[in-house]
There are 2 protein chains.
Amino acid sequence: MKYSDLDQCAAWEKLRSLAPAGKQFDYRARLTAQRVAACSVPMAAGLGYNWAAKAADDGIVRALVELSEEQELPAKYRALLDGEVMNTGENRKVLHQLLRGQSGAAVIHEGRDLGAFYRAELDRFCAFAEKVRSGEIKGGAGKAFTTAVQIGIGGSDLGPRAMYLALDNWAVKNGKKKIEACFISNVDPDDASAVVNRVKLDETIFVLVSKSGTTQETLANELFVRDKLKKAGLEPARHMAAVTSETSPLAHNPSYLDSFYIDDFIGGRYSSSSAVGGVILSLAFGGDVFREFLAGAHEADRYALEKDPLKNAALLDALLGVWERNFLGYPSTAVLPYSQALSRFPAHLQQLDMESNGKSVNRRGEKISYATGPVIFGESGTNGQHSFYQLLHQGAGVIPLQFVGFTESQRNDDVEVDGSMSQTKLNANLAAQITAFAKGKDDGNANKFFAGGRPSSLICGKTLAPGALGALLAHFENKVMFQGFLWNLNSFDQEGVQLGKLLAKKVLSGNSGDDALDAYSKLLGI
Amino acid sequence: MKYSDLDQCAAWEKLRSLAPAGKQFDYRARLTAQRVAACSVPMAAGLGYNWAAKAADDGIVRALVELSEEQELPAKYRALLDGEVMNTGENRKVLHQLLRGQSGAAVIHEGRDLGAFYRAELDRFCAFAEKVRSGEIKGGAGKAFTTAVQIGIGGSDLGPRAMYLALDNWAVKNGKKKIEACFISNVDPDDASAVVNRVKLDETIFVLVSKSGTTQETLANELFVRDKLKKAGLEPARHMAAVTSETSPLAHNPSYLDSFYIDDFIGGRYSSSSAVGGVILSLAFGGDVFREFLAGAHEADRYALEKDPLKNAALLDALLGVWERNFLGYPSTAVLPYSQALSRFPAHLQQLDMESNGKSVNRRGEKISYATGPVIFGESGTNGQHSFYQLLHQGAGVIPLQFVGFTESQRNDDVEVDGSMSQTKLNANLAAQITAFAKGKDDGNANKFFAGGRPSSLICGKTLAPGALGALLAHFENKVMFQGFLWNLNSFDQEGVQLGKLLAKKVLSGNSGDDALDAYSKLLGI
């Protein structure tokens with residue numbers, strides 16, 4: 001298999017020559033009901049991906065398909081599934097898809113079948129969660145647990161938190177919710193203090209999540225919590241479980257009720273479908289709900305194997321994103337789910353995408369000179385409409401948009417006002433925005449003129465259930481993976497976070513070696 | 001006074017000629033302890049603005065000062081304070097600073113002293129809040145209120161929510177918190193349903209916030225809540241207060257316990273210091289806390305009158321932002337508060353900035369051809385470090401950074417781990433990041449190479465108390481105002497939100513007039 005820089009591909013010059021056509025794409029003439037019907041790609045779990053409002057005509061699509069073939073995208077994905085070392089810099093396999101099911105060959109590492117290992121851990125933490133939910137495992141004061149607090153940061157926080165919020169209403173409605181989840185992430189001591197003072201400690205189980213077992217923030221927060229438990233007369237070991245790797249100090253450690261394991265082949269930002277997301281979600285909603293979530297994600301992983309980009313939503317989404325980033329020159333993308341349950345999903349995607357592809361060297365460690373991952377930001381709609389949409393519609397520059405919507409709410413607890421239900425209003429706004437962004441509006445008053453020409457895509461489904469959430473998450477993980485292949489990046493390391501950590505340690509050791517850094521430290525009371 | 005487009009200013013060409021020097025600014029040589037000390041500007045409420053890590057040498061600063069003089073920035077601000085019509089398109093004054101105190105002449109409109117009007121409303125809602133907090137005003141079942149739920153969207157949600165979260169820990173610590181606040185914003189019915197099912201309705205007061213009294217989302221959510229109250233056997237009129245304008249249907253209406261008024265001169269995104277933010281904050285923390293918040297903001301408003309940009313943090317921040325946006329060509333800015341209490345402050349600034357200056361016509365309604373407001377995004381630190389900082393450090397393109405930090409936590413409930421307190425770790429990370437972003441690091445391995453050259457500024461203070469929060473908020477409001485003057489925009493309207501609203505109404509009326517829009521509606525179950 002050949003790993004080429006994007007600008008070394010034959011498709012590069014071709015796509016460059018097509019860029020003027022893309023920039024002048026005539027949405028008003030071209031965006032018709034017929035195109036909306038034609039540009040629909042089925043996804044897992046009953047979702048669909050619609051790209052009608054993208055600036056891509058037949059010639060552009062053909063060039064993108066050629067690019068996909070030239071970069072051998074599905075074959076690279078298959079190699080990843082089969083256990084090839086895809087995290088080249090750190091010499092690691094990349095196996096988060098394997099957590100959800102086996103799509104490729106068995107992956108054997110040092111004599112161990114890793115798929116079997118992940119499944120065994122899944123079984124273990126689901127059984128543990130069931131014992132906690134049933135009250136068989138109780139806290140130090142003999143009370144059943146009613147609250148679970150995840151202590152983790154980055155991938156151990158953003159994904160699990162977003163998933164928990166996404167399913168909370170659904171779980172309440174479907175009688176699955178038994179335990180309330182909270183999250184402590186920041187090293188800011190006010191974060192842990194606020195959470196610990198809000199919960200009933202004697203009914204709370206803490207889930208400590210750190211793959212290495214050495215994350216500065218997480219360890220500081222753990223000690224904070226242990227101290228509070230002791231002061232409340234509770235034995236910490238009876239209120240804490242751990243999610244970590246087998247080689248970490250948190251493994252096989254009697255200071256925890258139990259420890260559940262992942263390994264170095266599960267990157268933090270890809271760990272929502274491992275024990276990192278699984279323990280807290282299983283505690284809150286039950287192991288069966290988490291398994292449904294995994295099944296949706298696994299189905300999406302299989303859809304992503306399809307070679308034809310026009311039948312593979314993750315692949316097509318990746319190609320269109322590169323088209324917009326490298327050839328149309330758009331530096332950011334907004335993620336806009338019309339679902340309050342997905343309020344923190346954009347924050348998770350922000351990490352997933354920006355930490356994976358916010359890079360300037362290729363997978364061989366050579367400098368590249370084309371644009372890579374965009375800035376990702378977003379809020380749920382309709383809230384965003386009352387916030388930053390002004391700039392999206394009339395600001396300087398074009399920002400591509402990723403919409404998500406569902407035909408039904410999660411709670412089915414709705415009200416009719418002025419002849420329509422709230423869910424209908426929500427979706428009428430979503431449909432209206434896609435059209436307004438694409439087609440704009442002429443007006444003699446420049447203040448009321450909308451240029452249009454803002455591309456968007458829409459992922460929609462029936463309702464945000466666990467399977468659909470899994471499929472949605474996997475779609476974006478796979479999109480980011482394909483874009484990494486397109487840009488010839490290693491999407492699975494994060495060397496860019498090291499320098500700050502290193503300098504922070506130097507400050508704490510009292511020897512920063514930089515007088516400006518000392519001056520800043522002094523300003524901040526250090 | 002002369003209102004000129006930015007590219008018509010004499011400073012435009014001069015700054016363009018200085019851009020290469022800005023792009024090559026040598027942080028490693030120039031960012032010294034001496035520069036950190038020299039580039040510090042005092043702000044209100046004991047805060048300070050430090051711009052040492054900005055790509056601006058003496059010549060560039062001199063040109064920016066000339067630009068400020070040429071665009072008569074402090075004079076335009078003074079005209080605004082004195083009641084000149086600054087929202088030109090809508091023919092309205094702009095008076096949010098007047099809510100906080102009188103810095104200019106008395107503003108008389110149709111025979112009424114508006115400063116006196118705002119003060120009277122402040123007194124009224126503070127008195128109301130006190131009666132609710134003391135239990136003198138009770139709910140329909142005779143119980144004192146323990147929860148207040150704000151129903152509002154956009155400016156009636158983002159600012160108040162961010163301010164509430166910012167002061168919650170402080171208020172608990174200082175014995176000021178009496179009522180828990182929640183927020184309903186989205187027209188998604190799951191939003192209201194989740195909140196209403198979580199609270200004790202008989203102990204809950206709802207604060208309905210809509211200036212016009214016609215906001216689609218807010219009215220739908222109000223009816224949802226009224227229905228739930230009735231079903232719970234509670235009289236809705238005894239559980240609801242309103243914040244609106246005097247001409248709206250919500251005014252002088254017996255369906256509410258009381259109504260508090262603002263007017264058309266208070267824009268939604270600038271309304272946190274009006275009754276829009278004041279009622280919910282006074283209910284939660286008391287009127288005295290809200291008045292401290294206003295006092296901090298008022299002090300910042302007075303600091304912003306200073307003519308010398310080197311002594312006026314809001315003005316300097318605005319100028320440096322324009323330097324980065326128009327001359328260095330950076331399309332987005334990240335806001336990174338190292339304080340978990342400010343977790344939603346970036347979302348508020350996102351609206352404030354992007355809705356105010358995300359425009360392409362000048363205040364006379366003529367098309368302009370230079371870049372205006374950037375994309376604003378951010379999360380609290382250290383969380384962001386474990387998320388999107390990878391791209392900030394090593395991604396393609398430079399993103400200027402706005403840091404915020406405090407020497408002390410709000411709860412003073414901290415723990416020592418490995419020889420340092422959590423607050424110290426937090427701030428060591430902050431100082432380290434500023435330095436790492438600016439200076440980078442050479443490395444033979446391109447993966448571990450950091451180019452540096454990422455500019456940032458730092459606002460820091462002792463602790464996030466109400467006055468400091470008010471000063472922080474006003475700083476950004478005034479910065480955005482000055483940037484609007486620099487770009488010759490009307491920062492106070494939002495015509496860009498109208499088209500989507502209009503099309504959504506058409507969809508709901510069953511006659512969209514666009515077959516693609518109908519096709520999208522059908523996809524979404526309408």
# chains A, B, ... in the order shown; residues from 1 in each chain; ligands from 1
>>> residues_around(residues="Ser387 in chain A", least_positions_apart="3", cutoff="8 Å", atoms="only C-alpha atoms", output="PyMOL selection string")
(chain A and resi 383-384+390) or (chain B and resi 154-155+350-352+354-355)
>>> residues_around(residues="Ser356 in chain B", least_positions_apart="3", cutoff="7 Å", atoms="only C-alpha atoms", output="count of residues only")
4
>>> atom_distance(atom1="CA of Phe403 in chain B", atom2="CA of Leu336 in chain B")
4.8 Å
>>> residues_around(residues="range 274-290 of chain B", least_positions_apart="6", cutoff="8 Å", atoms="only C-alpha atoms", output="ChimeraX atom specification")
/B:96,99,118,121-122,125-127,129-130,132-133,148-150,156,159-160,163-164,171,176-181,207,209,243,260-262,266,466
>>> residues_around(residues="Ser509 in chain B", least_positions_apart="2", cutoff="12 Å", atoms="only C-alpha atoms", output="NGL selection string")
(:A and (418-420 or 424-425 or 428)) or (:B and (502-507 or 511-513 or 518 or 526))
>>> atom_distance(atom1="CA of Gly115 in chain B", atom2="CA of Leu98 in chain B")
6.0 Å
>>> select_by_dssp(residues="range 342-467 of chain A", states="strand (DSSP E or B)", output="PyMOL selection string")
chain A and resi 361+367+375-377+401-406+416-417+420-421+441+450+456-461
>>> residues_around(residues="Val196 in chain B", least_positions_apart="6", cutoff="12 Å", atoms="only C-alpha atoms", output="PyMOL selection string")
(chain A and resi 413) or (chain B and resi 147-151+182-184+189-190+202-206+221-222+224-229+232)
>>> residues_around(residues="Ala314 in chain B", least_positions_apart="4", cutoff="7 Å", atoms="only C-alpha atoms", output="number ranges by chain")
B: 304, 318, 475-476, 478-479
>>> closest_residue(among="B:Asp264, B:Ser273, B:Gln71, B:Glu379", to="Pro346 in chain A", atoms="only C-alpha atoms")
B:Glu379
>>> residues_around(residues="Gln410 in chain A", least_positions_apart="3", cutoff="12 Å", atoms="only C-alpha atoms", output="number ranges by chain")
A: 165-174, 339-342, 405-407, 413-414, 423, 461-466, 468; B: 188-194
>>> closest_residue(among="B:Gly484, B:Gly268, B:Pro400, B:Gly111", to="Ala55 in chain B", atoms="only C-alpha atoms")
B:Pro400
>>> closest_residue(among="B:Trp487, B:Tyr77, B:Phe117, B:Phe437", to="chain A", atoms="only C-alpha atoms")
B:Phe437
>>> closest_residue(among="B:Thr146, B:Ser456, B:Gln102, B:Gln433", to="chain A", atoms="only C-alpha atoms")
B:Gln433
>>> select_by_dssp(residues="range 210-320 of chain B", states="helix (DSSP H, G or I)", output="ChimeraX atom specification")
/B:216-231,236-238,268-270,275-285,287-303,309-311,313-320
>>> write_last_selection(atoms="C-alpha atoms", output="PDB file, in the first residue's frame")
ATOM      1  CA  GLN B 216     -40.952  31.275  19.203  1.00  0.00           C
ATOM      2  CA  GLU B 217     -38.820  28.988  21.386  1.00  0.00           C
ATOM      3  CA  THR B 218     -39.558  30.828  24.614  1.00  0.00           C
ATOM      4  CA  LEU B 219     -43.317  30.953  24.129  1.00  0.00           C
ATOM      5  CA  ALA B 220     -43.468  27.250  23.274  1.00  0.00           C
ATOM      6  CA  ASN B 221     -41.499  26.462  26.421  1.00  0.00           C
ATOM      7  CA  GLU B 222     -43.693  28.732  28.506  1.00  0.00           C
ATOM      8  CA  LEU B 223     -46.820  26.893  27.427  1.00  0.00           C
ATOM      9  CA  PHE B 224     -45.122  23.578  28.106  1.00  0.00           C
ATOM     10  CA  VAL B 225     -44.329  24.714  31.642  1.00  0.00           C
ATOM     11  CA  ARG B 226     -47.791  26.193  32.277  1.00  0.00           C
ATOM     12  CA  ASP B 227     -49.325  22.902  31.233  1.00  0.00           C
ATOM     13  CA  LYS B 228     -47.099  20.965  33.649  1.00  0.00           C
ATOM     14  CA  LEU B 229     -47.874  23.365  36.488  1.00  0.00           C
ATOM     15  CA  LYS B 230     -51.597  22.994  35.910  1.00  0.00           C
ATOM     16  CA  LYS B 231     -51.328  19.224  35.795  1.00  0.00           C
ATOM     17  CA  PRO B 236     -49.106  29.067  36.883  1.00  0.00           C
ATOM     18  CA  ALA B 237     -49.497  32.769  37.716  1.00  0.00           C
ATOM     19  CA  ARG B 238     -48.030  32.065  41.154  1.00  0.00           C
ATOM     20  CA  GLY B 268     -30.095  40.673  23.696  1.00  0.00           C
ATOM     21  CA  ARG B 269     -26.410  39.772  23.757  1.00  0.00           C
ATOM     22  CA  TYR B 270     -25.679  42.884  25.864  1.00  0.00           C
ATOM     23  CA  ALA B 275     -33.135  42.376  34.338  1.00  0.00           C
ATOM     24  CA  VAL B 276     -32.447  39.608  31.790  1.00  0.00           C
ATOM     25  CA  GLY B 277     -29.465  38.488  33.860  1.00  0.00           C
ATOM     26  CA  GLY B 278     -30.379  40.365  37.007  1.00  0.00           C
ATOM     27  CA  VAL B 279     -33.578  38.613  38.025  1.00  0.00           C
ATOM     28  CA  ILE B 280     -32.151  35.095  37.941  1.00  0.00           C
ATOM     29  CA  LEU B 281     -28.830  36.131  39.526  1.00  0.00           C
ATOM     30  CA  SER B 282     -30.576  38.089  42.264  1.00  0.00           C
ATOM     31  CA  LEU B 283     -32.893  35.184  42.990  1.00  0.00           C
ATOM     32  CA  ALA B 284     -29.976  32.783  43.220  1.00  0.00           C
ATOM     33  CA  PHE B 285     -27.385  34.912  45.004  1.00  0.00           C
ATOM     34  CA  GLY B 287     -29.461  41.592  44.851  1.00  0.00           C
ATOM     35  CA  ASP B 288     -26.327  42.741  46.649  1.00  0.00           C
ATOM     36  CA  VAL B 289     -24.229  40.251  44.692  1.00  0.00           C
ATOM     37  CA  PHE B 290     -25.766  41.422  41.428  1.00  0.00           C
ATOM     38  CA  ARG B 291     -25.038  45.042  42.377  1.00  0.00           C
ATOM     39  CA  GLU B 292     -21.389  44.150  43.015  1.00  0.00           C
ATOM     40  CA  PHE B 293     -21.307  42.585  39.576  1.00  0.00           C
ATOM     41  CA  LEU B 294     -22.715  45.808  38.086  1.00  0.00           C
ATOM     42  CA  ALA B 295     -20.226  47.928  39.985  1.00  0.00           C
ATOM     43  CA  GLY B 296     -17.331  45.938  38.498  1.00  0.00           C
ATOM     44  CA  ALA B 297     -18.787  46.344  35.020  1.00  0.00           C
ATOM     45  CA  HIS B 298     -19.340  50.065  35.535  1.00  0.00           C
ATOM     46  CA  GLU B 299     -15.761  50.518  36.661  1.00  0.00           C
ATOM     47  CA  ALA B 300     -14.618  48.739  33.479  1.00  0.00           C
ATOM     48  CA  ASP B 301     -16.854  51.003  31.395  1.00  0.00           C
ATOM     49  CA  ARG B 302     -15.086  54.008  32.915  1.00  0.00           C
ATOM     50  CA  TYR B 303     -11.635  52.538  32.298  1.00  0.00           C
ATOM     51  CA  PRO B 309      -4.771  52.646  24.141  1.00  0.00           C
ATOM     52  CA  LEU B 310      -1.756  51.667  26.213  1.00  0.00           C
ATOM     53  CA  LYS B 311      -3.771  52.471  29.328  1.00  0.00           C
ATOM     54  CA  ALA B 313      -7.261  47.360  27.996  1.00  0.00           C
ATOM     55  CA  ALA B 314     -10.504  47.065  26.030  1.00  0.00           C
ATOM     56  CA  LEU B 315      -9.269  49.472  23.386  1.00  0.00           C
ATOM     57  CA  LEU B 316      -5.858  47.855  23.106  1.00  0.00           C
ATOM     58  CA  ASP B 317      -7.389  44.385  22.953  1.00  0.00           C
ATOM     59  CA  ALA B 318      -9.631  45.597  20.112  1.00  0.00           C
ATOM     60  CA  LEU B 319      -6.717  47.080  18.191  1.00  0.00           C
ATOM     61  CA  LEU B 320      -4.555  43.996  18.577  1.00  0.00           C
TER      62      LEU B 320
END
>>> closest_residue(among="B:Phe327, B:Leu523, B:Ala44, B:Ser271", to="Val404 in chain A", atoms="only C-alpha atoms")
B:Leu523
